[in-house]
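Coordinates from entry34.pdb are shown below (PDB, C-alpha atoms, pLDDT in the B column).
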```pdb
ATOM      1  CA  LEU A   1     -34.668   6.192   7.110  1.00 52.00           C
ATOM      2  CA  PRO A   2     -31.197   4.621   7.398  1.00 74.00           C
ATOM      3  CA  ILE A   3     -30.741   1.483   5.334  1.00 94.00           C
ATOM      4  CA  LEU A   4     -28.440  -0.406   7.745  1.00 96.00           C
ATOM      5  CA  PRO A   5     -31.159  -1.373  10.272  1.00 95.00           C
ATOM      6  CA  LEU A   6     -33.203  -2.823   7.406  1.00 95.00           C
ATOM      7  CA  GLU A   7     -30.148  -4.709   6.128  1.00 96.00           C
ATOM      8  CA  VAL A   8     -29.464  -6.143   9.587  1.00 96.00           C
ATOM      9  CA  LYS A   9     -33.103  -7.247   9.922  1.00 95.00           C
ATOM     10  CA  LYS A  10     -33.000  -8.821   6.455  1.00 94.00           C
ATOM     11  CA  TRP A  11     -29.671 -10.530   7.322  1.00 95.00           C
ATOM     12  CA  ALA A  12     -31.174 -11.973  10.520  1.00 95.00           C
ATOM     13  CA  GLU A  13     -34.208 -13.313   8.649  1.00 95.00           C
ATOM     14  CA  GLU A  14     -32.639 -14.518   5.409  1.00 93.00           C
ATOM     15  CA  GLU A  15     -29.039 -15.408   6.222  1.00 93.00           C
ATOM     16  CA  MET A  16     -29.383 -16.551   9.807  1.00 94.00           C
ATOM     17  CA  ARG A  17     -32.926 -17.884   9.241  1.00 93.00           C
ATOM     18  CA  PHE A  18     -34.406 -16.497  12.418  1.00 93.00           C
ATOM     19  CA  PRO A  19     -38.171 -17.052  12.508  1.00 93.00           C
ATOM     20  CA  PRO A  20     -39.951 -13.787  11.622  1.00 88.00           C
ATOM     21  CA  ASN A  21     -41.759 -13.753  14.971  1.00 91.00           C
ATOM     22  CA  LYS A  22     -38.371 -13.888  16.777  1.00 92.00           C
ATOM     23  CA  VAL A  23     -36.744 -11.065  14.795  1.00 94.00           C
ATOM     24  CA  PRO A  24     -36.924  -7.661  16.537  1.00 94.00           C
ATOM     25  CA  SER A  25     -38.537  -4.701  14.847  1.00 93.00           C
ATOM     26  CA  VAL A  26     -36.629  -2.250  12.657  1.00 92.00           C
ATOM     27  CA  ALA A  27     -36.833   0.234  15.568  1.00 94.00           C
ATOM     28  CA  VAL A  28     -34.755  -2.133  17.721  1.00 95.00           C
ATOM     29  CA  PHE A  29     -32.208  -2.599  14.930  1.00 94.00           C
ATOM     30  CA  ARG A  30     -32.080   1.183  14.521  1.00 94.00           C
ATOM     31  CA  LYS A  31     -30.988   1.455  18.174  1.00 95.00           C
ATOM     32  CA  LEU A  32     -28.369  -1.302  17.641  1.00 93.00           C
ATOM     33  CA  CYS A  33     -26.880   0.477  14.620  1.00 94.00           C
ATOM     34  CA  VAL A  34     -25.890   3.703  16.372  1.00 94.00           C
ATOM     35  CA  GLY A  35     -22.355   5.098  16.560  1.00 92.00           C
ATOM     36  CA  GLN A  36     -19.433   2.662  16.332  1.00 93.00           C
ATOM     37  CA  CYS A  37     -21.855  -0.254  16.358  1.00 94.00           C
ATOM     38  CA  SER A  38     -22.899   0.665  12.830  1.00 94.00           C
ATOM     39  CA  ASP A  39     -19.448  -0.299  11.523  1.00 95.00           C
ATOM     40  CA  ILE A  40     -19.649  -3.603  13.367  1.00 96.00           C
ATOM     41  CA  TRP A  41     -23.094  -4.371  11.932  1.00 95.00           C
ATOM     42  CA  LYS A  42     -21.947  -3.413   8.428  1.00 96.00           C
ATOM     43  CA  PHE A  43     -19.093  -5.901   8.767  1.00 96.00           C
ATOM     44  CA  ILE A  44     -21.400  -8.606  10.124  1.00 95.00           C
ATOM     45  CA  VAL A  45     -23.957  -8.170   7.346  1.00 95.00           C
ATOM     46  CA  GLN A  46     -21.229  -8.298   4.681  1.00 94.00           C
ATOM     47  CA  HIS A  47     -19.086 -11.130   6.059  1.00 94.00           C
ATOM     48  CA  VAL A  48     -20.914 -13.342   8.569  1.00 94.00           C
ATOM     49  CA  ARG A  49     -22.721 -16.327   7.095  1.00 92.00           C
ATOM     50  CA  SER A  50     -24.804 -19.077   8.609  1.00 93.00           C
ATOM     51  CA  SER A  51     -22.974 -22.370   9.103  1.00 91.00           C
ATOM     52  CA  LYS A  52     -25.120 -23.953   6.371  1.00 91.00           C
ATOM     53  CA  ASN A  53     -24.227 -21.244   3.851  1.00 90.00           C
ATOM     54  CA  ALA A  54     -20.591 -21.302   4.969  1.00 91.00           C
ATOM     55  CA  LYS A  55     -20.476 -25.046   4.203  1.00 92.00           C
ATOM     56  CA  ILE A  56     -22.034 -24.436   0.779  1.00 91.00           C
ATOM     57  CA  ILE A  57     -19.484 -21.698   0.049  1.00 91.00           C
ATOM     58  CA  GLU A  58     -16.643 -23.935   1.236  1.00 92.00           C
ATOM     59  CA  GLY A  59     -17.905 -26.756  -0.988  1.00 92.00           C
ATOM     60  CA  ASN A  60     -18.126 -24.419  -3.958  1.00 91.00           C
ATOM     61  CA  LEU A  61     -14.574 -23.200  -3.354  1.00 92.00           C
ATOM     62  CA  ARG A  62     -13.263 -26.765  -3.111  1.00 91.00           C
ATOM     63  CA  TRP A  63     -15.064 -27.713  -6.324  1.00 92.00           C
ATOM     64  CA  TYR A  64     -13.631 -24.653  -8.081  1.00 90.00           C
ATOM     65  CA  GLN A  65     -10.153 -25.566  -6.829  1.00 90.00           C
ATOM     66  CA  HIS A  66     -10.641 -29.129  -8.109  1.00 88.00           C
ATOM     67  CA  LEU A  67     -11.710 -27.801 -11.520  1.00 87.00           C
ATOM     68  CA  GLN A  68      -8.684 -25.512 -11.659  1.00 86.00           C
ATOM     69  CA  GLN A  69      -6.338 -28.389 -10.779  1.00 84.00           C
ATOM     70  CA  SER A  70      -7.982 -30.606 -13.402  1.00 81.00           C
ATOM     71  CA  LYS A  71      -7.586 -27.819 -15.946  1.00 80.00           C
ATOM     72  CA  VAL A  72      -3.887 -27.460 -15.077  1.00 75.00           C
ATOM     73  CA  LYS A  73      -3.366 -31.228 -15.355  1.00 77.00           C
ATOM     74  CA  SER A  74      -5.169 -31.227 -18.696  1.00 76.00           C
ATOM     75  CA  THR A  75      -3.069 -28.293 -19.894  1.00 80.00           C
ATOM     76  CA  ASP A  76       0.098 -30.092 -18.734  1.00 80.00           C
ATOM     77  CA  LYS A  77      -0.920 -33.210 -20.671  1.00 82.00           C
ATOM     78  CA  GLU A  78      -1.601 -31.153 -23.792  1.00 84.00           C
ATOM     79  CA  ARG A  79       1.744 -29.368 -23.448  1.00 85.00           C
ATOM     80  CA  ARG A  80       3.535 -32.707 -22.948  1.00 86.00           C
ATOM     81  CA  LYS A  81       1.887 -34.095 -26.095  1.00 88.00           C
ATOM     82  CA  GLN A  82       2.897 -30.994 -28.053  1.00 90.00           C
ATOM     83  CA  LEU A  83       6.483 -31.312 -26.865  1.00 90.00           C
ATOM     84  CA  LEU A  84       6.617 -35.040 -27.697  1.00 91.00           C
ATOM     85  CA  ASP A  85       5.238 -34.297 -31.172  1.00 91.00           C
ATOM     86  CA  LYS A  86       7.870 -31.590 -31.614  1.00 93.00           C
ATOM     87  CA  ILE A  87      10.608 -34.023 -30.486  1.00 92.00           C
ATOM     88  CA  SER A  88       9.383 -36.581 -33.015  1.00 92.00           C
ATOM     89  CA  THR A  89       9.426 -33.967 -35.765  1.00 92.00           C
ATOM     90  CA  VAL A  90      12.963 -32.849 -34.870  1.00 92.00           C
ATOM     91  CA  LYS A  91      14.168 -36.480 -34.740  1.00 93.00           C
ATOM     92  CA  ALA A  92      12.678 -37.116 -38.166  1.00 92.00           C
ATOM     93  CA  GLU A  93      14.383 -33.988 -39.514  1.00 91.00           C
ATOM     94  CA  LEU A  94      17.700 -35.102 -37.988  1.00 91.00           C
ATOM     95  CA  ASN A  95      17.352 -38.552 -39.559  1.00 90.00           C
ATOM     96  CA  GLN A  96      16.604 -36.957 -42.906  1.00 91.00           C
ATOM     97  CA  LEU A  97      19.637 -34.656 -42.587  1.00 88.00           C
ATOM     98  CA  ASP A  98      21.858 -37.613 -41.599  1.00 87.00           C
ATOM     99  CA  HIS A  99      20.572 -39.534 -44.600  1.00 88.00           C
ATOM    100  CA  GLN A 100      21.251 -36.573 -46.911  1.00 87.00           C
ATOM    101  CA  LYS A 101      24.710 -36.139 -45.418  1.00 83.00           C
ATOM    102  CA  GLN A 102      25.538 -39.824 -45.983  1.00 85.00           C
ATOM    103  CA  ARG A 103      24.330 -39.621 -49.577  1.00 84.00           C
ATOM    104  CA  SER A 104      26.383 -36.508 -50.234  1.00 83.00           C
ATOM    105  CA  GLU A 105      29.488 -38.142 -48.716  1.00 81.00           C
ATOM    106  CA  GLU A 106      28.997 -41.205 -50.953  1.00 79.00           C
ATOM    107  CA  HIS A 107      28.984 -39.073 -54.075  1.00 70.00           C
TER     108      HIS A 107
END
```

Would you encode the structure as structure tokens?
Amino acid sequence: LPILPLEVKKWAEEEMRFPPNKVPSVAVFRKLCVGQCSDIWKFIVQHVRSSKNAKIIEGNLRWYQHLQQSKVKSTDKERRKQLLDKISTVKAELNQLDHQKQRSEEH
């Protein structure tokens, strides 16, 4: 027994939420999944989502994008702090070298 007709029936019931009494039998789906139509149904089962699920997926993608942007901003802040700390360290070293240079010139 080919699996595709069962997958299409399951897709209609679970993804598209057709009432079980409105979903055709597997025999009908078997007739729909013949020849070139099988490729079309494979694509539909894999890629077509109900509008409710599409909105959930879209929301999840937006949330993920927001998290990624927050992570980048956080990383940028951390990098900025590291660079400012490094600048402070270099300035302190320069001041110390200037001080040593002045002392050596005095002697």

Selection result of the PyMOL selection byres ((chain A and resi 9-22) around 12) on this file, as number ranges by chain
A: 3-8, 23-30, 32-33, 41-54

Box time for range 94-100 of chain A: axis-aligned, enclosing all its listed atoms, 6 Å extra on each side; report centre and edge lengths in Å to one decimal, as AutoDock Vina command-line options.
```
--center_x 19.2 --center_y -37.1 --center_z -42.4 --size_x 17.3 --size_y 16.9 --size_z 20.9
```

Can you work out the spacing between CA of Val90 in chain A and CA of Lys73 in chain A in Å, to one decimal?
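CA of Lys73 in chain A lies at a distance of 25.5 Å from CA of Val90 in chain A.
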